[in-house]
Amino acid sequence: MPYQFSDLRDSCAGEWRDYIEHRFVQQLGDGSLAPEAFQHYLKQDYLFLIQFARAFALAAYKSPTLSDLRQAKDGLQAIVDTELGLHIEYCREWGISEEELANLPEARATLAYTRYVLDTGNRGDLLDLHVALSPCMVGYGEIANWLNSREATVRGDANPYDAWIAMYESEEFQDAMQAEIRWLDERLADVSPGRFEQLTRIFRDATRLEIDFWNMGLTLSD
Ligand SMILES: Cc1ncc(C[n+]2csc(CCO)c2C)c(N)n1
């Protein structure tokens with residue numbers, strides 16, 4: 001049987017569930033999350049996005065084909081030209097100024113996660129890098145879908161975090177998530193059991209670092 005992305009998820013089902021169904025996510029869904037926790041998360045997510053732009057630049061460098069190079073360039077362009085601007089605007093709505101963002105120190109959880117992804121891409125090939133990126137690329141879409149499947153989730157004006165859910169349930173984001181899964185499914189189909197084992201380690205570590213990122217938000221840790 002050829003491997004698929006779903007096999008990576010199944011290889012660390014416990015960690016994956018702890019990430020998708022994290023207490024931060026549950027509270028965001030029912031609207032009970034402390035605004036300070038969300039603001040701390042938003043600030044660190046700004047720094048996270050900048051490092052992720054670098055990871056897409058690294059993906060361009062590691063691209064063996066023109067098609068991969070285009071995909072990496074589109075990812076980098078989306079973050080630099082669109083998503084960072086939207087994030088800055090969203091932070092402003094939450095009372096966080098652009099100046100404050102520009103002077104933030106990186107929390108240890110942000111440092112650990114982003115530098116882990118960059119190091120994995122540096123040491124390995126494009127598949128290693130994509131696997132390290134996939135909890136981010138796939139997880140947030142899955143989180144939006146999981147929240148929408150829950151009775152406890154509050155949508156609309158009654159939930160101050162509704163716009164966050166709306167962003168990740170959007171067709172544009174869900175399509176990008178599916179495209180990433182297809183890309184991984186195509187590559188994973190050809191890997192050996194030994195190589196798959198290596199990739200599961202990367203996937204599990206990146207998922208654990210996503211859990212730490214949520215914990216950082218809840219505990220306001222730096
Ligand atoms: C900790 C953390 N993990 C994942 C995302 C979601 N995300 C960040 S960059 C990117 C790809 C380009 O859009 C995606 C899906 C986030 N914002 N913060």
# chains A, B, ... in the order shown; residues from 1 in each chain; ligands from 1
>>> residues_around(residues="Glu15 of chain A", least_positions_apart="4", cutoff="12 Å", atoms="only C-alpha atoms", output="ChimeraX atom specification")
/A:8-11,19-22,135,139,200-201,203-212
>>> write_last_selection(atoms="N, CA and C atoms", output="short mmCIF file (atom, residue, chain, number, x, y, z; two decimals), in the first residue's frame")
data_model
loop_
_atom_site.label_atom_id
_atom_site.label_comp_id
_atom_site.auth_asym_id
_atom_site.auth_seq_id
_atom_site.Cartn_x
_atom_site.Cartn_y
_atom_site.Cartn_z
N LEU A 8 0.39 9.77 8.00
CA LEU A 8 1.19 10.60 8.91
C LEU A 8 0.34 10.99 10.12
N ARG A 9 -0.87 11.43 9.83
CA ARG A 9 -1.79 11.82 10.91
C ARG A 9 -2.07 10.64 11.83
N ASP A 10 -2.31 9.47 11.22
CA ASP A 10 -2.62 8.28 12.02
C ASP A 10 -1.42 7.83 12.86
N SER A 11 -0.18 8.16 12.39
CA SER A 11 1.02 7.72 13.10
C SER A 11 1.18 8.45 14.44
N TYR A 19 -3.63 18.64 19.43
CA TYR A 19 -3.43 19.90 18.70
C TYR A 19 -4.77 20.45 18.19
N ILE A 20 -5.53 19.61 17.48
CA ILE A 20 -6.77 20.07 16.84
C ILE A 20 -7.83 20.45 17.89
N GLU A 21 -7.89 19.65 18.97
CA GLU A 21 -8.97 19.85 19.95
C GLU A 21 -8.44 20.51 21.23
N HIS A 22 -7.37 21.29 21.07
CA HIS A 22 -6.72 21.93 22.22
C HIS A 22 -7.71 22.84 22.98
N PRO A 135 1.54 20.29 9.52
CA PRO A 135 0.60 20.52 10.63
C PRO A 135 0.02 21.94 10.60
N GLY A 139 -3.56 21.61 9.59
CA GLY A 139 -4.20 21.62 10.91
C GLY A 139 -5.23 22.72 11.09
N THR A 200 7.52 10.49 9.80
CA THR A 200 6.56 10.53 10.92
C THR A 200 7.16 11.27 12.12
N ARG A 201 8.50 11.13 12.27
CA ARG A 201 9.15 11.82 13.39
C ARG A 201 9.03 13.34 13.21
N PHE A 203 6.78 14.92 11.43
CA PHE A 203 5.36 15.31 11.55
C PHE A 203 4.94 15.38 13.01
N ARG A 204 5.38 14.38 13.80
CA ARG A 204 5.02 14.36 15.21
C ARG A 204 5.63 15.56 15.95
N ASP A 205 6.92 15.84 15.66
CA ASP A 205 7.59 16.97 16.34
C ASP A 205 6.91 18.30 15.99
N ALA A 206 6.58 18.50 14.72
CA ALA A 206 5.94 19.77 14.33
C ALA A 206 4.56 19.88 14.99
N THR A 207 3.86 18.75 15.11
CA THR A 207 2.54 18.76 15.76
C THR A 207 2.69 19.10 17.25
N ARG A 208 3.71 18.53 17.90
CA ARG A 208 3.95 18.85 19.32
C ARG A 208 4.27 20.34 19.49
N LEU A 209 4.97 20.91 18.50
CA LEU A 209 5.31 22.33 18.60
C LEU A 209 4.08 23.21 18.36
N GLU A 210 3.12 22.73 17.57
CA GLU A 210 1.84 23.44 17.44
C GLU A 210 1.09 23.42 18.79
N ILE A 211 1.12 22.28 19.48
CA ILE A 211 0.48 22.19 20.80
C ILE A 211 1.12 23.21 21.75
N ASP A 212 2.46 23.28 21.71
CA ASP A 212 3.16 24.25 22.58
C ASP A 212 2.77 25.69 22.24
#
>>> residues_near_ligand(ligand="ligand 1", cutoff="7 Å", atoms="only C-alpha atoms and all ligand atoms", output="ChimeraX atom specification")
/A:45,48-49,52,75,78-79,83,136-138,140,210,213
>>> atom_distance(atom1="atom CA of Leu184 of chain A", atom2="atom CA of Thr110 of chain A")
24.8 Å
>>> closest_atom_pairs(of="segment 11-98 of chain A", to="segment 156-177 of chain A", cutoff="10 Å", atoms="only C-alpha atoms", output="CSV")
residue,atom,partner,partner_atom,distance
A:Val25,CA,A:Ile165,CA,9.9
A:Gln27,CA,A:Tyr161,CA,9.5
A:Leu28,CA,A:Tyr161,CA,6.1
A:Gly29,CA,A:Tyr161,CA,7.3
A:Asp30,CA,A:Asn159,CA,7.0
A:Gly31,CA,A:Asn159,CA,4.9
A:Ser32,CA,A:Asn159,CA,8.5
A:Leu33,CA,A:Tyr161,CA,8.7
A:Pro35,CA,A:Pro160,CA,8.9
A:Phe38,CA,A:Tyr161,CA,8.8
A:Gly75,CA,A:Ala176,CA,9.9
A:Tyr90,CA,A:Ala163,CA,9.2
>>> write_last_selection(atoms="C-alpha atoms", output="compact mmCIF listing (two decimals), in the first residue's frame")
# COMPACT_ATOMS: atom_id res chain seq x y z
CA VAL A 25 -9.26 26.00 20.29
CA GLN A 27 -12.38 28.26 24.16
CA LEU A 28 -11.95 30.14 20.91
CA GLY A 29 -14.92 28.21 19.54
CA ASP A 30 -17.28 28.83 22.44
CA GLY A 31 -16.09 32.43 22.89
CA SER A 32 -14.79 31.92 26.45
CA LEU A 33 -11.09 32.48 25.62
CA PRO A 35 -8.83 38.27 25.28
CA PHE A 38 -5.83 35.69 22.11
CA GLY A 75 3.32 30.67 -0.88
CA TYR A 90 -6.66 42.13 12.44
>>> closest_residue(among="A:Arg150, A:Arg54, A:His87, A:His130", to="Glu180 of chain A", atoms="only C-alpha atoms")
A:His130
>>> closest_residue(among="A:Ala60, A:Ala102, A:Ala53, A:Leu188", to="Val117 of chain A", atoms="only C-alpha atoms")
A:Ala53
>>> atom_distance(atom1="atom CA of Ala55 of chain A", atom2="atom CA of Gly194 of chain A")
25.3 Å
>>> select_by_dssp(residues="segment 9-156 of chain A", states="alpha helix (DSSP H)", output="PyMOL selection string")
chain A and resi 9-11+13-20+23-30+35-61+66-77+84-93+98-102+108-123+126-149
>>> residues_around(residues="Glu99 of chain A", least_positions_apart="5", cutoff="12 Å", atoms="only C-alpha atoms", output="PDB file with C-alpha atoms, in the first residue's frame")
ATOM      1  CA  LYS A  43       1.304  38.903  18.451  1.00  0.00           C
ATOM      2  CA  ILE A  88      -1.555  43.548  10.925  1.00  0.00           C
ATOM      3  CA  CYS A  91      -4.175  42.871  15.250  1.00  0.00           C
ATOM      4  CA  ARG A  92      -5.137  46.568  15.033  1.00  0.00           C
ATOM      5  CA  LEU A 104       8.044  42.211  19.911  1.00  0.00           C
TER       6      LEU A 104
END
>>> decode(residues="segment 53-72 of chain A", atoms="N, CA and C atoms", output="mmCIF file, in the first residue's frame")
data_model
loop_
_atom_site.group_PDB
_atom_site.id
_atom_site.type_symbol
_atom_site.label_atom_id
_atom_site.label_comp_id
_atom_site.auth_asym_id
_atom_site.auth_seq_id
_atom_site.Cartn_x
_atom_site.Cartn_y
_atom_site.Cartn_z
ATOM 1 N N ALA A 53 7.308 32.740 6.144
ATOM 2 C CA ALA A 53 7.658 33.279 4.829
ATOM 3 C C ALA A 53 9.073 32.823 4.465
ATOM 4 N N ARG A 54 9.979 32.855 5.425
ATOM 5 C CA ARG A 54 11.352 32.369 5.175
ATOM 6 C C ARG A 54 11.349 30.885 4.824
ATOM 7 N N ALA A 55 10.458 30.117 5.452
ATOM 8 C CA ALA A 55 10.384 28.681 5.155
ATOM 9 C C ALA A 55 9.932 28.452 3.706
ATOM 10 N N PHE A 56 9.033 29.298 3.211
ATOM 11 C CA PHE A 56 8.619 29.169 1.809
ATOM 12 C C PHE A 56 9.760 29.584 0.874
ATOM 13 N N ALA A 57 10.554 30.563 1.300
ATOM 14 C CA ALA A 57 11.736 30.932 0.513
ATOM 15 C C ALA A 57 12.721 29.752 0.474
ATOM 16 N N LEU A 58 12.853 29.073 1.604
ATOM 17 C CA LEU A 58 13.703 27.879 1.639
ATOM 18 C C LEU A 58 13.138 26.786 0.732
ATOM 19 N N ALA A 59 11.809 26.670 0.694
ATOM 20 C CA ALA A 59 11.176 25.690 -0.194
ATOM 21 C C ALA A 59 11.501 26.017 -1.652
ATOM 22 N N ALA A 60 11.566 27.302 -1.976
ATOM 23 C CA ALA A 60 11.948 27.682 -3.348
ATOM 24 C C ALA A 60 13.367 27.195 -3.634
ATOM 25 N N TYR A 61 14.279 27.436 -2.698
ATOM 26 C CA TYR A 61 15.671 27.018 -2.860
ATOM 27 C C TYR A 61 15.793 25.501 -3.000
ATOM 28 N N LYS A 62 14.931 24.780 -2.305
ATOM 29 C CA LYS A 62 14.990 23.314 -2.306
ATOM 30 C C LYS A 62 14.157 22.683 -3.427
ATOM 31 N N SER A 63 13.592 23.513 -4.314
ATOM 32 C CA SER A 63 12.685 22.983 -5.337
ATOM 33 C C SER A 63 13.439 22.372 -6.509
ATOM 34 N N PRO A 64 13.193 21.077 -6.797
ATOM 35 C CA PRO A 64 13.867 20.458 -7.937
ATOM 36 C C PRO A 64 13.188 20.755 -9.276
ATOM 37 N N THR A 65 11.920 21.172 -9.261
ATOM 38 C CA THR A 65 11.217 21.397 -10.532
ATOM 39 C C THR A 65 10.649 22.812 -10.585
ATOM 40 N N LEU A 66 10.353 23.245 -11.799
ATOM 41 C CA LEU A 66 9.772 24.579 -11.980
ATOM 42 C C LEU A 66 8.404 24.659 -11.296
ATOM 43 N N SER A 67 7.662 23.566 -11.350
ATOM 44 C CA SER A 67 6.341 23.556 -10.720
ATOM 45 C C SER A 67 6.449 23.742 -9.205
ATOM 46 N N ASP A 68 7.428 23.048 -8.579
ATOM 47 C CA ASP A 68 7.645 23.220 -7.133
ATOM 48 C C ASP A 68 8.111 24.644 -6.815
ATOM 49 N N LEU A 69 8.979 25.161 -7.692
ATOM 50 C CA LEU A 69 9.499 26.520 -7.495
ATOM 51 C C LEU A 69 8.359 27.544 -7.543
ATOM 52 N N ARG A 70 7.450 27.367 -8.492
ATOM 53 C CA ARG A 70 6.296 28.277 -8.604
ATOM 54 C C ARG A 70 5.417 28.197 -7.357
ATOM 55 N N GLN A 71 5.198 26.966 -6.886
ATOM 56 C CA GLN A 71 4.345 26.765 -5.713
ATOM 57 C C GLN A 71 4.949 27.459 -4.482
ATOM 58 N N ALA A 72 6.272 27.323 -4.314
ATOM 59 C CA ALA A 72 6.946 27.952 -3.172
ATOM 60 C C ALA A 72 6.886 29.470 -3.283
#
